[in-house]
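Participant: To start, I am sharing the structure in question, which I have written as structure tokens.
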Amino acid sequence: MSHPGPGDPDLSKLPSHIAIIMDGNGRWAKQRLMNRINGHEKGADAVRMIVRTCREIGIEYLTLYAFSTENWQRPKAEVTALMDLLKRFLKSESKEMQDNNVRLDTIGQTHRMPKGVRDLLYQNMEMTASNTGLTLNLALSYGGRAEIVDMVKQIANHVKNGQLEPSAITPEIVADNLYTRGMCDPDLLIRTGGDMRVSNFLLWQIAYTEIFVTDTLWPEFSREEFIAILADFQKRERRFGRVLHT
Ligand code: FPP
């Protein structure tokens with residue numbers, strides 16, 4: 001955006017944390033009489049575009065719903081292809097992340113991911129740990145309810161060990177025991193593919209998040225549409241349950 005115009009977002013008021021439900025890869029492929037896997041491959045190109053755009057404009061956190069706990073129930077060939085795609089992405093983007101100050105992070109039950117994916121994930125996380133630009137946070141084998149169950153177990157253990165009084169449990173303590181500990185909540189959640197649902201994504205964290213649903217299928221999501229959503233986001237008044245104007 002070298003020449004900002006009237007419809008362009010104000011780069012000094014961007015959301016700190018953007019979360020995206022990247023839906024519609026399968027439908028994109030079906031429309032073209034292609035295999036669903038081709039849709040995911042095209043979707044990976046859109047991932048590269050969104051990561052590049054977010055780091056260029058100075059977003060702090062980008063959380064992408066890349067694989068849900070429910071996705072394990074897809075046909076074996078599709079799961080294998082998605083794991084393969086993730087490996088290829090982690091290999092091909094490694095240098096780009098390091099060269100551009102991007103920090104890689106992950107949320108979810110990553111121990112359930114195949115070793116090949118885990119190894120590349122942890123290597124890239126370690127390599128980029130001290131980077132200070134965009135944090136690319138990949139939700140892998142992620143489910144919001146599973147995250148809440150894990151948080152409850154962790155807090156229950158602290159109580160059992162005598163480290164914490166039940167009466168001392170606060171929203172901050174809950175947040176500190178979620179996979180997203182240390183991250184701010186998303187300001188903006190984008191869902192492509194047109195479905196009006198949250199699909200078990202960041203259930204606690206999206207309490208006050210602005211939600212945008214677009215009919216565009218993920219492989220066709222463009223930089224232009226993303227920038228238009230950012231401009232629209234800035235027009236919304238976020239009240240966090242309070243009254244701002246009387
Ligand atoms: C939903 O589309 C998308 C997924 C389950 C996977 C998302 C994965 C990618 C975008 C590519 C790989 C990711 C990275 C980070 C390289 P769907 O298959 O549910 O689409 P449908 O609703 O049209 O069937």
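Within each chain, counting starts at residue 1; across the structure tokens, chains are named A, B, ... in the order shown, with ligands numbered 1 upward in that order.
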Around ligand 1, at most 7 Å away and counting only C-alpha atoms and all ligand atoms, which residues are there? Put them as number ranges by chain, please.

Facilitator: A: 22-28, 36, 40-41, 43-44, 47, 64-67, 71, 82, 85-86, 89, 138, 193, 218

Participant: Extract, using only C-alpha atoms, all DNA, RNA and protein residues at most 8 Å from stretch 48-57 of chain A, discarding same-chain residues fewer than 3 positions from it, and format them as a list in words.

Facilitator: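 Near stretch 48-57 of chain A, the qualifying residues are Leu11, Ala44, Asp45, Glu60, Leu62, Asn100, Val102, Gly133, Leu134, Leu136, Ser222 and Arg223 of chain A.
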
Participant: Name all residues at most 7 Å from A:Ile211 (count only C-alpha atoms; drop same-chain ones fewer than 6 positions away) and give them as an MDAnalysis selection string.

Facilitator: chainID A and resid 188:190

Participant: Point out the residue among A:Pro186, A:His111, A:Asn35, A:Gln98 with the least atom-to-atom distance to A:Glu78, counting only C-alpha atoms.

Facilitator: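 Ranked by minimum distance to A:Glu78, first place goes to A:Asn35.
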
Participant: So, with only C-alpha atoms as the atoms that count, which of A:Tyr142, A:Ala129, A:Leu14, A:Ala19 lies closest to A:Val213?

Facilitator: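 Comparing A:Tyr142, A:Ala129, A:Leu14, A:Ala19 against A:Val213, the winner is A:Ala19.
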
Participant: What separation in Å, quoted to one decimal, exists between atom CA of A:Gln234 and atom CA of A:Asp8?

Facilitator: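 Pair atom CA of A:Gln234 / atom CA of A:Asp8 returns 10.1 Å.
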
Participant: Report as an MDAnalysis selection string: the residues of stretch 94-131 of chain A with a DSSP assignment of strand (DSSP E or B), based on the backbone of this structure.

Facilitator: chainID A and resid 103:107

Participant: Dump N, CA, C and O atoms for the selected residues as a CSV table (one decimal), in the first residue's frame?

Facilitator:
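Here's the written file part_0.csv:
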chain,number,residue,atom,x,y,z
A,103,ARG,N,8.2,-14.7,14.0
A,103,ARG,CA,8.3,-15.8,15.0
A,103,ARG,C,7.2,-16.8,14.8
A,103,ARG,O,6.1,-16.4,14.7
A,104,LEU,N,7.6,-18.1,14.8
A,104,LEU,CA,6.6,-19.1,14.7
A,104,LEU,C,6.2,-19.6,16.0
A,104,LEU,O,7.0,-19.8,16.9
A,105,ASP,N,4.9,-19.8,16.2
A,105,ASP,CA,4.4,-20.4,17.5
A,105,ASP,C,3.2,-21.3,17.1
A,105,ASP,O,2.8,-21.4,15.9
A,106,THR,N,2.8,-22.1,18.1
A,106,THR,CA,1.7,-23.0,17.8
A,106,THR,C,0.8,-23.2,19.0
A,106,THR,O,1.2,-23.0,20.1
A,107,ILE,N,-0.5,-23.5,18.7
A,107,ILE,CA,-1.4,-23.8,19.8
A,107,ILE,C,-2.1,-25.1,19.4
A,107,ILE,O,-2.3,-25.4,18.2

Participant: So the first atom is atom CA of A:Leu217 and the second is atom CA of A:Gly39; what is the distance between them in Å, to one decimal place?

Facilitator: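 Atom CA of A:Gly39 lies 9.8 Å from atom CA of A:Leu217.
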